[in-house]
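Participant: Contents of run-v9.txt (compact mmCIF, C-alpha atoms and all ligand atoms) are below:
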```
# COMPACT_ATOMS: atom_id res chain seq x y z
CA MET T 1 -101.14 -88.99 -13.12
CA SER T 2 -102.46 -87.30 -10.00
CA ASP T 3 -106.08 -87.72 -11.18
CA TYR T 4 -105.82 -91.49 -10.87
CA LYS T 5 -106.88 -93.51 -7.85
CA GLN T 6 -104.31 -94.78 -5.32
CA ASP T 7 -104.38 -98.29 -6.81
CA THR T 8 -103.30 -96.97 -10.19
CA LEU T 9 -100.69 -94.65 -8.69
CA CYS T 10 -99.15 -97.55 -6.73
CA VAL T 11 -98.64 -99.46 -9.95
CA GLN T 12 -97.82 -96.77 -12.50
CA ALA T 13 -97.00 -93.34 -11.05
CA GLY T 14 -93.50 -91.87 -11.21
CA TYR T 15 -92.20 -93.47 -14.39
CA THR T 16 -93.65 -93.41 -17.87
CA PRO T 17 -91.45 -95.13 -20.45
CA GLY T 18 -91.11 -93.68 -23.93
CA ASN T 19 -91.24 -95.65 -27.16
CA GLY T 20 -89.01 -98.72 -26.92
CA GLU T 21 -87.86 -97.93 -23.39
CA PRO T 22 -87.85 -100.43 -20.48
CA ARG T 23 -91.30 -101.15 -19.06
CA GLN T 24 -89.87 -101.61 -15.57
CA ILE T 25 -87.95 -98.78 -13.88
CA PRO T 26 -84.31 -99.02 -15.00
CA ILE T 27 -81.70 -99.32 -12.25
CA ILE T 28 -79.21 -96.59 -13.09
CA GLN T 29 -76.26 -98.21 -11.34
CA SER T 30 -73.83 -95.40 -12.01
CA THR T 31 -72.11 -93.07 -9.59
CA THR T 32 -71.62 -90.42 -12.21
CA PHE T 33 -73.01 -88.93 -15.41
CA LYS T 34 -71.27 -87.77 -18.58
CA TYR T 35 -71.43 -84.25 -20.08
CA ASN T 36 -70.14 -82.90 -23.37
CA THR T 37 -68.82 -79.59 -22.03
CA SER T 38 -67.72 -78.22 -18.69
CA GLU T 39 -70.24 -75.47 -19.20
CA ASP T 40 -73.10 -78.02 -19.36
CA MET T 41 -71.95 -79.50 -16.08
CA GLY T 42 -71.33 -76.09 -14.53
CA LYS T 43 -75.00 -75.22 -14.97
CA LEU T 44 -75.91 -78.20 -12.79
CA PHE T 45 -73.52 -77.07 -10.07
CA ASP T 46 -75.11 -73.61 -10.14
CA LEU T 47 -78.61 -75.16 -9.97
CA GLU T 48 -79.27 -73.35 -13.26
CA ALA T 49 -80.23 -76.58 -15.01
CA SER T 50 -81.76 -79.78 -13.62
CA GLY T 51 -79.98 -83.04 -14.24
CA TYR T 52 -77.70 -85.59 -12.66
CA PHE T 53 -74.01 -85.40 -11.99
CA TYR T 54 -73.21 -87.53 -8.96
CA THR T 55 -75.32 -90.21 -7.23
CA ARG T 56 -74.45 -88.94 -3.74
CA LEU T 57 -76.96 -86.16 -4.46
CA GLN T 58 -79.46 -87.57 -6.93
CA ASN T 59 -80.06 -90.61 -9.10
CA PRO T 60 -82.79 -91.12 -11.75
CA THR T 61 -83.97 -94.48 -10.33
CA ASN T 62 -84.50 -92.88 -6.93
CA ASP T 63 -86.32 -89.96 -8.49
CA TYR T 64 -88.81 -92.21 -10.36
CA VAL T 65 -89.67 -93.92 -7.09
CA ALA T 66 -89.78 -90.65 -5.12
CA ALA T 67 -92.18 -89.24 -7.72
CA LYS T 68 -94.48 -92.23 -7.16
CA ILE T 69 -94.45 -91.65 -3.38
CA ALA T 70 -95.14 -87.92 -3.94
CA ALA T 71 -98.17 -88.84 -6.09
CA LEU T 72 -99.43 -91.31 -3.46
CA GLU T 73 -99.18 -88.71 -0.69
CA GLY T 74 -100.68 -85.93 -2.83
CA GLY T 75 -97.43 -83.94 -2.52
CA CYS T 76 -95.58 -81.89 -5.12
CA ALA T 77 -92.00 -83.14 -4.67
CA ALA T 78 -90.19 -85.94 -2.87
CA MET T 79 -86.79 -87.50 -2.33
CA LEU T 80 -85.52 -90.86 -1.11
CA THR T 81 -83.05 -91.23 1.73
CA SER T 82 -80.92 -94.14 2.91
CA SER T 83 -83.23 -94.85 5.88
CA GLY T 84 -86.24 -93.59 7.78
CA GLN T 85 -83.87 -92.10 10.35
CA ALA T 86 -82.19 -90.04 7.62
CA ALA T 87 -85.61 -88.92 6.31
CA ASN T 88 -86.72 -87.58 9.70
CA PHE T 89 -83.35 -85.97 10.37
CA PHE T 90 -83.26 -84.25 6.97
CA ALA T 91 -86.90 -83.12 7.17
CA LEU T 92 -86.19 -81.40 10.50
CA PHE T 93 -82.65 -80.19 9.86
CA ASN T 94 -83.66 -78.64 6.52
CA ILE T 95 -85.51 -75.94 8.50
CA CYS T 96 -83.89 -76.10 11.96
CA GLU T 97 -80.42 -74.99 12.99
CA CYS T 98 -78.47 -74.35 16.19
CA GLY T 99 -80.81 -72.27 18.38
CA SER T 100 -84.04 -73.66 16.89
CA HIS T 101 -86.77 -75.46 18.82
CA ILE T 102 -89.09 -78.32 17.86
CA VAL T 103 -92.46 -79.30 19.32
CA ALA T 104 -92.82 -83.09 19.04
CA SER T 105 -95.34 -85.68 20.07
CA SER T 106 -93.93 -87.77 22.92
CA SER T 107 -95.46 -90.86 21.35
CA ILE T 108 -93.04 -91.56 18.51
CA TYR T 109 -90.59 -94.23 17.35
CA GLY T 110 -87.69 -94.73 19.79
CA GLY T 111 -85.09 -94.01 17.11
CA THR T 112 -86.71 -90.68 16.29
CA PHE T 113 -87.03 -89.87 20.00
CA ASN T 114 -83.27 -90.41 20.41
CA LEU T 115 -82.49 -88.49 17.23
CA ILE T 116 -84.39 -85.43 18.43
CA SER T 117 -83.76 -85.55 22.17
CA VAL T 118 -80.08 -86.60 22.17
CA THR T 119 -78.33 -86.18 18.84
CA MET T 120 -80.07 -83.03 17.63
CA ALA T 121 -79.73 -81.57 21.13
CA LYS T 122 -75.95 -81.80 20.62
CA MET T 123 -76.41 -79.61 17.56
CA GLY T 124 -78.09 -76.97 19.72
CA ILE T 125 -81.65 -77.82 18.66
CA GLU T 126 -84.09 -77.99 21.57
CA VAL T 127 -87.30 -79.96 21.81
CA THR T 128 -90.47 -79.88 23.87
CA PHE T 129 -92.36 -83.17 23.89
CA VAL T 130 -96.12 -83.10 24.32
CA SER T 131 -98.55 -85.97 24.72
CA PRO T 132 -100.57 -86.59 21.54
CA ASP T 133 -103.58 -86.19 23.86
CA CYS T 134 -102.42 -82.99 25.60
CA SER T 135 -104.85 -80.16 26.37
CA ASP T 136 -105.03 -77.06 24.16
CA GLU T 137 -103.28 -75.11 26.94
CA GLU T 138 -100.42 -77.61 27.11
CA LEU T 139 -100.00 -77.55 23.33
CA GLU T 140 -100.02 -73.75 23.20
CA ALA T 141 -97.49 -73.55 26.05
CA ALA T 142 -95.08 -75.85 24.18
CA PHE T 143 -94.40 -73.25 21.47
CA LYS T 144 -91.52 -70.80 21.80
CA GLU T 145 -90.25 -67.81 19.89
CA ASN T 146 -87.65 -70.09 18.22
CA THR T 147 -90.01 -72.99 17.37
CA ARG T 148 -89.47 -74.03 13.75
CA ALA T 149 -91.45 -77.26 13.34
CA VAL T 150 -94.03 -79.57 14.87
CA PHE T 151 -93.52 -83.33 14.56
CA GLY T 152 -95.71 -86.43 15.10
CA GLU T 153 -96.45 -89.96 13.84
CA THR T 154 -99.83 -90.85 12.32
CA ILE T 155 -99.85 -94.18 14.21
CA ALA T 156 -96.95 -94.31 16.64
CA ASN T 157 -94.48 -97.20 16.62
CA PRO T 158 -94.79 -99.10 18.99
CA ALA T 159 -97.35 -97.32 21.22
CA LEU T 160 -100.07 -97.39 18.50
CA THR T 161 -101.42 -94.01 19.59
CA VAL T 162 -103.13 -92.02 16.83
CA PHE T 163 -101.99 -88.46 16.13
CA ASP T 164 -104.64 -85.73 15.72
CA ILE T 165 -103.11 -84.36 12.51
CA GLU T 166 -105.70 -81.64 11.90
CA ARG T 167 -105.39 -80.25 15.41
CA PHE T 168 -101.58 -80.19 15.43
CA ALA T 169 -101.52 -78.68 11.91
CA LYS T 170 -103.75 -75.80 13.07
CA ALA T 171 -101.53 -75.19 16.09
CA ALA T 172 -98.35 -75.27 13.96
CA HIS T 173 -99.79 -72.91 11.37
CA SER T 174 -101.03 -70.45 13.99
CA HIS T 175 -97.36 -70.17 15.04
CA GLY T 176 -96.13 -69.84 11.46
CA VAL T 177 -94.34 -73.21 11.32
CA PRO T 178 -94.94 -76.43 9.34
CA LEU T 179 -96.23 -79.77 10.61
CA ILE T 180 -94.06 -82.78 9.76
CA VAL T 181 -95.82 -86.15 9.97
CA ASP T 182 -94.13 -89.56 9.89
CA ASN T 183 -96.71 -91.64 8.00
CA THR T 184 -94.80 -94.94 8.04
CA PHE T 185 -97.43 -97.18 9.64
CA PRO T 186 -100.63 -96.39 7.72
CA THR T 187 -98.83 -95.53 4.43
CA PRO T 188 -100.67 -93.22 1.98
CA VAL T 189 -102.96 -96.14 1.14
CA ASN T 190 -104.67 -95.73 4.52
CA CYS T 191 -103.98 -92.07 5.40
CA ARG T 192 -102.88 -88.97 3.50
CA PRO T 193 -101.71 -86.48 6.15
CA ILE T 194 -101.40 -83.61 3.63
CA GLU T 195 -105.20 -83.66 3.22
CA TRP T 196 -105.46 -82.97 6.97
CA GLY T 197 -103.00 -80.08 6.96
CA ALA T 198 -99.55 -81.70 7.23
CA ASP T 199 -96.89 -79.79 5.29
CA ILE T 200 -94.12 -82.40 5.10
CA VAL T 201 -94.59 -86.18 5.24
CA THR T 202 -91.81 -88.65 6.02
CA HIS T 203 -91.49 -92.43 5.74
CA SER T 204 -89.38 -95.31 6.78
CA THR T 205 -89.87 -97.13 3.47
CA THR T 206 -88.19 -100.09 5.20
CA LYS T 207 -91.63 -100.96 6.59
CA TYR T 208 -94.85 -101.50 4.60
CA MET T 209 -93.73 -99.64 1.48
CA ASP T 210 -91.00 -102.20 0.84
CA GLY T 211 -93.05 -104.68 2.83
CA HIS T 212 -90.81 -107.69 2.29
CA GLY T 213 -88.01 -106.97 4.76
CA ALA T 214 -85.59 -106.52 1.87
CA ALA T 215 -84.33 -102.92 1.78
CA VAL T 216 -83.77 -100.18 4.36
CA GLY T 217 -84.86 -96.76 3.09
CA GLY T 218 -86.69 -93.51 3.73
CA ALA T 219 -88.62 -90.80 1.92
CA ILE T 220 -89.54 -87.14 2.39
CA VAL T 221 -92.56 -85.60 0.65
CA ASP T 222 -93.31 -81.88 0.46
CA SER T 223 -96.92 -80.74 0.13
CA GLY T 224 -95.77 -77.46 -1.41
CA LYS T 225 -98.41 -75.73 0.70
CA PHE T 226 -96.24 -74.03 3.30
CA ASP T 227 -95.50 -70.39 2.45
CA TRP T 228 -91.85 -70.00 3.54
CA MET T 229 -91.69 -66.40 2.31
CA ALA T 230 -94.63 -65.39 4.53
CA HIS T 231 -92.49 -66.48 7.53
CA ALA T 232 -89.15 -65.53 6.00
CA ASP T 233 -87.51 -64.54 9.30
CA LYS T 234 -88.05 -68.03 10.70
CA PHE T 235 -86.58 -69.93 7.73
CA PRO T 236 -83.48 -68.08 6.58
CA GLY T 237 -82.12 -71.25 4.97
CA LEU T 238 -84.94 -71.10 2.44
CA THR T 239 -85.44 -67.36 2.20
CA THR T 240 -81.94 -65.85 2.20
CA PRO T 241 -79.05 -66.42 -0.26
CA ASP T 242 -77.10 -69.70 -0.22
CA GLU T 243 -73.52 -68.66 -0.93
CA SER T 244 -72.55 -72.23 -1.82
CA TYR T 245 -74.74 -71.84 -4.93
CA HIS T 246 -73.78 -68.27 -5.86
CA GLY T 247 -76.39 -66.70 -3.65
CA ILE T 248 -79.56 -68.33 -4.90
CA VAL T 249 -82.63 -68.03 -2.64
CA TYR T 250 -84.46 -71.39 -2.70
CA ALA T 251 -87.94 -70.06 -2.00
CA GLU T 252 -87.56 -67.49 -4.80
CA LYS T 253 -85.81 -69.56 -7.43
CA PHE T 254 -87.74 -72.81 -6.94
CA GLY T 255 -90.98 -71.40 -5.51
CA GLN T 256 -93.14 -72.76 -2.74
CA GLU T 257 -93.39 -76.17 -4.42
CA GLY T 258 -89.72 -76.71 -5.18
CA ALA T 259 -87.80 -74.97 -2.40
CA PHE T 260 -87.87 -77.56 0.38
CA ILE T 261 -86.82 -80.67 -1.56
CA THR T 262 -84.30 -78.76 -3.71
CA LYS T 263 -82.56 -77.34 -0.63
CA CYS T 264 -82.66 -80.71 1.10
CA THR T 265 -81.00 -82.34 -1.93
CA ALA T 266 -78.57 -79.56 -2.80
CA GLN T 267 -77.35 -78.99 0.78
CA LEU T 268 -78.10 -81.92 3.05
CA MET T 269 -77.61 -84.74 0.54
CA ARG T 270 -74.48 -83.01 -0.74
CA ASP T 271 -73.04 -82.66 2.77
CA PHE T 272 -74.34 -85.77 4.58
CA GLY T 273 -74.74 -88.14 1.63
CA CYS T 274 -77.54 -90.33 3.04
CA ILE T 275 -78.69 -91.38 -0.44
CA GLN T 276 -80.66 -94.57 -1.03
CA SER T 277 -78.88 -96.94 -3.40
CA PRO T 278 -80.65 -97.20 -6.78
CA GLN T 279 -80.79 -100.97 -6.25
CA ASN T 280 -82.78 -100.45 -3.03
CA ALA T 281 -85.02 -97.90 -4.76
CA PHE T 282 -85.84 -100.56 -7.38
CA ILE T 283 -86.72 -103.08 -4.64
CA LEU T 284 -88.81 -100.42 -2.90
CA ASN T 285 -90.72 -99.83 -6.11
CA LEU T 286 -91.58 -103.53 -6.38
CA GLY T 287 -93.10 -103.21 -2.91
CA LEU T 288 -95.02 -100.06 -3.87
CA GLU T 289 -96.55 -101.82 -6.89
CA SER T 290 -98.58 -104.04 -4.54
CA LEU T 291 -98.92 -101.71 -1.51
CA HIS T 292 -102.64 -101.09 -2.17
CA VAL T 293 -103.26 -104.85 -2.31
CA ARG T 294 -101.18 -105.69 0.76
CA MET T 295 -102.34 -103.00 3.22
CA PRO T 296 -105.99 -104.18 3.44
CA LYS T 297 -104.74 -107.72 4.19
CA HIS T 298 -102.38 -106.45 6.93
CA VAL T 299 -105.34 -104.54 8.43
CA GLU T 300 -107.64 -107.59 8.15
CA ASN T 301 -105.09 -109.82 9.91
CA GLY T 302 -104.30 -107.18 12.56
CA LEU T 303 -107.97 -106.77 13.40
CA ALA T 304 -108.65 -110.52 13.50
CA VAL T 305 -105.67 -111.11 15.81
CA ALA T 306 -106.61 -108.13 18.04
CA LYS T 307 -110.19 -109.41 18.37
CA PHE T 308 -108.99 -112.91 19.26
CA LEU T 309 -106.52 -111.64 21.86
CA GLU T 310 -109.04 -109.27 23.42
CA LYS T 311 -111.21 -112.24 24.42
CA HIS T 312 -108.36 -114.41 25.72
CA ASP T 313 -108.12 -114.82 29.50
CA LYS T 314 -104.29 -114.76 29.55
CA VAL T 315 -104.26 -111.33 27.92
CA ILE T 316 -104.56 -108.25 30.15
CA LYS T 317 -104.90 -105.61 27.45
CA VAL T 318 -104.78 -105.21 23.66
CA ASN T 319 -103.75 -102.01 21.84
CA TYR T 320 -105.10 -101.74 18.30
CA PRO T 321 -106.80 -98.55 17.07
CA GLY T 322 -109.19 -100.63 14.95
CA LEU T 323 -110.77 -102.19 18.07
CA GLU T 324 -113.89 -100.45 19.34
CA SER T 325 -112.54 -100.75 22.88
CA ASP T 326 -109.34 -98.87 21.95
CA PRO T 327 -109.11 -95.26 23.21
CA TYR T 328 -108.02 -94.16 19.71
CA TYR T 329 -110.86 -95.89 17.86
CA GLU T 330 -112.81 -92.73 16.99
CA ARG T 331 -109.73 -90.77 15.94
CA ALA T 332 -108.51 -93.70 13.85
CA LYS T 333 -111.91 -93.91 12.14
CA LYS T 334 -111.68 -90.23 11.19
CA TYR T 335 -108.15 -90.38 9.74
CA MET T 336 -108.10 -94.02 8.58
CA PRO T 337 -111.62 -95.17 7.70
CA ASN T 338 -110.23 -98.28 5.98
CA GLY T 339 -108.01 -99.23 8.92
CA GLY T 340 -104.47 -98.34 9.91
CA CYS T 341 -101.93 -101.16 9.85
CA GLY T 342 -101.20 -104.71 10.93
CA VAL T 343 -99.29 -104.00 14.13
CA VAL T 344 -100.98 -105.04 17.39
CA SER T 345 -99.55 -104.89 20.88
CA PHE T 346 -100.82 -106.76 23.93
CA GLU T 347 -99.91 -107.38 27.53
CA LEU T 348 -99.72 -110.93 28.83
CA LYS T 349 -100.37 -111.97 32.43
CA GLY T 350 -97.08 -113.05 34.02
CA GLY T 351 -94.74 -110.28 32.83
CA ARG T 352 -91.54 -110.77 30.85
CA LYS T 353 -91.20 -114.46 31.73
CA ALA T 354 -94.63 -115.23 30.29
CA ALA T 355 -93.90 -113.09 27.22
CA GLU T 356 -90.59 -114.86 26.57
CA GLU T 357 -92.12 -118.28 27.00
CA PHE T 358 -95.08 -117.42 24.78
CA MET T 359 -92.91 -116.07 21.98
CA GLY T 360 -90.65 -119.10 22.12
CA LYS T 361 -93.66 -121.33 21.42
CA LEU T 362 -94.89 -119.43 18.35
CA LYS T 363 -94.31 -121.31 15.10
CA LEU T 364 -95.33 -118.79 12.43
CA ALA T 365 -94.42 -115.52 14.11
CA ALA T 366 -90.66 -115.08 14.30
CA ILE T 367 -88.88 -113.05 16.98
CA GLU T 368 -87.46 -110.04 15.13
CA THR T 369 -86.56 -106.37 15.54
CA HIS T 370 -88.79 -105.43 12.66
CA VAL T 371 -92.39 -104.65 11.77
CA ALA T 372 -94.52 -104.27 8.68
CA ASP T 373 -93.20 -107.28 6.82
CA ALA T 374 -95.09 -109.86 4.72
CA ARG T 375 -94.08 -112.42 7.39
CA THR T 376 -95.58 -112.12 10.87
CA CYS T 377 -93.05 -111.20 13.52
CA CYS T 378 -93.07 -110.28 17.20
CA LEU T 379 -90.96 -108.66 19.86
CA ASN T 380 -91.01 -108.26 23.65
CA PRO T 381 -89.59 -104.76 24.28
CA ALA T 382 -88.69 -105.64 27.90
CA THR T 383 -86.24 -108.33 26.82
CA SER T 384 -84.99 -106.65 23.63
CA THR T 385 -85.23 -102.98 22.58
CA HIS T 386 -85.88 -101.76 26.16
CA ARG T 387 -83.91 -104.39 28.11
CA GLN T 388 -81.87 -101.80 30.05
CA MET T 389 -85.04 -100.65 31.84
CA THR T 390 -86.41 -102.06 35.11
CA ASP T 391 -90.01 -103.29 35.36
CA GLU T 392 -90.93 -100.06 37.18
CA GLN T 393 -89.35 -97.88 34.47
CA LEU T 394 -91.10 -99.91 31.78
CA GLU T 395 -94.46 -99.47 33.51
CA ALA T 396 -93.90 -95.70 33.71
CA ALA T 397 -93.06 -95.56 29.99
CA GLY T 398 -96.29 -97.37 29.15
CA ILE T 399 -94.39 -100.48 28.04
CA PRO T 400 -95.22 -103.14 30.65
CA ALA T 401 -92.76 -106.04 30.93
CA GLY T 402 -95.33 -108.48 29.57
CA LEU T 403 -96.02 -106.42 26.43
CA VAL T 404 -95.65 -108.15 23.08
CA ARG T 405 -95.65 -106.23 19.80
CA MET T 406 -96.88 -108.35 16.95
CA SER T 407 -96.69 -107.28 13.32
CA CYS T 408 -99.28 -109.29 11.43
CA GLY T 409 -98.05 -110.28 7.99
CA LEU T 410 -99.91 -111.55 4.95
CA GLU T 411 -100.49 -115.16 6.06
CA SER T 412 -103.97 -116.61 6.70
CA SER T 413 -105.52 -115.04 9.81
CA GLU T 414 -106.86 -118.49 10.77
CA ASP T 415 -103.33 -119.89 10.85
CA LEU T 416 -102.03 -116.88 12.80
CA ILE T 417 -104.78 -117.21 15.39
CA ALA T 418 -104.26 -120.98 15.71
CA ASP T 419 -100.54 -120.32 16.28
CA LEU T 420 -101.34 -117.73 18.97
CA ALA T 421 -103.86 -120.07 20.60
CA GLN T 422 -101.40 -122.98 20.90
CA ALA T 423 -98.62 -120.70 22.21
CA LEU T 424 -100.95 -119.14 24.80
CA ALA T 425 -102.17 -122.58 25.88
C1 LIG J 501 -88.63 -97.81 11.60
C2 LIG J 501 -89.15 -96.46 11.76
C3 LIG J 501 -88.31 -95.33 11.57
C4 LIG J 501 -86.85 -95.47 11.25
O1 LIG J 501 -86.70 -96.01 9.98
P1 LIG J 501 -85.41 -96.83 9.49
O2 LIG J 501 -85.74 -97.11 8.07
O3 LIG J 501 -85.29 -98.03 10.35
O4 LIG J 501 -84.24 -95.91 9.65
C5 LIG J 501 -88.88 -94.08 11.68
N1 LIG J 501 -90.19 -93.92 11.98
C6 LIG J 501 -91.02 -94.97 12.17
C7 LIG J 501 -92.43 -94.74 12.50
C8 LIG J 501 -90.52 -96.27 12.07
O5 LIG J 501 -91.35 -97.31 12.28
```
So that I can check it, write out the structure of this file as structure tokens.
Facilitator:
Amino acid sequence: MSDYKQDTLCVQAGYTPGNGEPRQIPIIQSTTFKYNTSEDMGKLFDLEASGYFYTRLQNPTNDYVAAKIAALEGGCAAMLTSSGQAANFFALFNICECGSHIVASSSIYGGTFNLISVTMAKMGIEVTFVSPDCSDEELEAAFKENTRAVFGETIANPALTVFDIERFAKAAHSHGVPLIVDNTFPTPVNCRPIEWGADIVTHSTTKYMDGHGAAVGGAIVDSGKFDWMAHADKFPGLTTPDESYHGIVYAEKFGQEGAFITKCTAQLMRDFGCIQSPQNAFILNLGLESLHVRMPKHVENGLAVAKFLEKHDKVIKVNYPGLESDPYYERAKKYMPNGGCGVVSFELKGGRKAAEEFMGKLKLAAIETHVADARTCCLNPATSTHRQMTDEQLEAAGIPAGLVRMSCGLESSEDLIADLAQALA
């Protein structure tokens, strides 16, 4: 399958029915699986045989869809999680433990920022945040003896900064640690981070992959390119015996291509149980079947809206990496020559009052805490996600009170622009 183009992979990768089998992915709505002998089942518990025994760890429907996402990203193995939050937590916690340190881009999704800086800190995992545009000296200085991973987002939600994947991958590798990239916004249709050196790719499939605002979910993809054994002292979880499975060593038994996802499933899914329901995996797959058709339209609408807003006299500033005036234009062109996504943010004259009034007048764009949906939606961080902050704090965080984040859906760009024009007037 991996020789096919993205369009074909979106439609057909991951599941190939046999003679007389369902054409569409079957939803295996079963918590458990039947075996003829205890010995058969025992082999699964010892990781001696592959198969299913309990849906808290693995389910065939999920695995068909994960295999499609692995193919799209050019990875060797993947798993689905219950949410994007669970995907990022698992990807990091699979190689970090109490006493570890992470280097992360400061320009990332707020939920991930909290996860790393607050919740993982309580587990004894430290972080150093660096600007995605930091100097080489600053980046080098962020690494410590106990650094175990580097983390960033291809296009950050909601700042829309573009991550220099190749540069951060080189820095991570020179310190013997992997680069984890959250590729939610561009999706593998517009960017494949593994081709630029990323080792692990994560997704909130809740966004464009589902694309219809129907199912919360996440995914983790392993490139299979990181040599855990070459840095064995840093990753004991992968390179020393796991007593809960009779002392198997993941990197030895499952090799470079199987170790990461197998450990993540066998330990973290077993213990935390953040599995995606097979029903949601089925819905996600319906979204994936048209991802390659939808993404260019999201990009087309995002660019059209950004260009319209840029010329409007009530708009102070527009952030959209596809605009030539955007500071990330060149970097976006390198990593995403066909465009990034449909999310645009812009600052209105008149602060939060103007933003609230403007959004109230929109007819097509609904006010929602969501992005990357077929239906256009918008949000004013100052009066919603960031409402505890003062105008001064918002300014300092690069989220001015008059900022509106707009996720352009799949409607006609003419209608979207007409709606913006009447609301601005
Ligand atoms: C939404 C989002 C997440 C969190 O995903 P959920 O599915 O909401 O848990 C993580 N990263 C990015 C970039 C996101 O946009």
Participant: To one decimal in Å, tell me the separation between CA of Ser325 (chain T) and CA of Ala169 (chain T).
Facilitator: 27.0 Å
Participant: Separation of CA of Val177 (chain T) and CA of Phe226 (chain T), in Å?
Facilitator: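 Result for CA of Val177 (chain T) versus CA of Phe226 (chain T): 8.3 Å, one decimal.
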Participant: Choose the residue, out of T:Phe272, T:Phe260, T:Phe129, T:Phe282, that has the smallest atom-to-atom separation from Gly75 (chain T); count all atoms listed in the file.
Facilitator: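 The answer is T:Phe260, which sits nearest to Gly75 (chain T).
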Participant: Using all atoms listed in the file, find the one residue out of T:Ala232, T:Glu411, T:Ile220, T:Arg270 that sits nearest to Asn301 (chain T).
Facilitator: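 Result for the nearest residue to Asn301 (chain T): T:Glu411.
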Participant: Using all atoms listed in the file, what are the residues with an atom within 10 Å of ligand LIG 501 (chain J), set out as a count of residues only?
Facilitator: 44
Participant: List as number ranges by chain the protein and nucleic acid residues near Val103 (chain T), meaning an atom at most 12 Å away when only C-alpha atoms are counted, but skip any in the same chain fewer than 2 places from it.
Facilitator: T: 92, 96, 100-101, 105-106, 113, 116-117, 125-132, 138-152, 168-169, 171-172, 175, 177-180
Participant: Rank T:Ser244, T:Ser384, T:Thr376, T:Asn338 by their smallest atom-to-atom distance to Glu356 (chain T), using all atoms listed in the file, and report the top residue only.
Facilitator: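 Among the listed residues, the smallest separation from Glu356 (chain T) belongs to T:Ser384.
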Participant: Do you have the CA of Gly350 (chain T)-CA of Asp419 (chain T) distance handy?
Facilitator: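 Separation between CA of Gly350 (chain T) and CA of Asp419 (chain T): 19.5 Å.
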Participant: Skip region 17-26 of chain T itself and residues of its chain fewer than 3 positions away, then list as number ranges by chain all residues within 10 Å of it, counting all atoms listed in the file.
Facilitator: T: 12, 14, 29, 60-62, 64-65, 278-279, 281-282, 285-286
Participant: For a cutoff of 10 Å around the file-coordinate point (-96.1, -107.7, -0.9), which residues qualify once you count all atoms listed in the file? I'd like the result as a ChimeraX atom specification.
Facilitator: /T:208-213,286-295,373-375,409-410
Participant: Near Gly339 (chain T), within 9 Å and counting only C-alpha atoms, which residues show up once chain neighbours fewer than 2 positions away are dropped, as a PyMOL selection string?
Facilitator: chain T and resi 186+190-191+295-296+299-300+303+321-322+332-333+335-337+341-342
Participant: What lies within 10 Å of Ala230 (chain T) using only C-alpha atoms, ignoring chain neighbours under 5 positions off, as number ranges by chain?
Facilitator: T: 176, 235, 239
Participant: For the selection just defined, write its residues with C-alpha atoms to a file, as a PDB file, in the frame of the given file.
Facilitator:
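For reference, part_1.pdb as written:
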```pdb
ATOM      1  CA  GLY T 176     -96.130 -69.840  11.460  1.00  0.00           C
ATOM      2  CA  PHE T 235     -86.580 -69.930   7.730  1.00  0.00           C
ATOM      3  CA  THR T 239     -85.440 -67.360   2.200  1.00  0.00           C
TER       4      THR T 239
END
```
Participant: Compile the contact shell of region 366-368 of chain T as a list in words: residues with an atom at most 7 Å away, counting all atoms listed in the file, same-chain residues fewer than 6 positions apart removed.
Facilitator: Thr376, Cys377, Cys378 and Leu379 of chain T
Participant: When distances are computed from only C-alpha atoms, which of T:Leu238, T:Ala365, T:Leu309, T:Leu348 shows the smallest separation from Ile261 (chain T)?
Facilitator: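 Among the listed residues, T:Leu238 lies closest to Ile261 (chain T).
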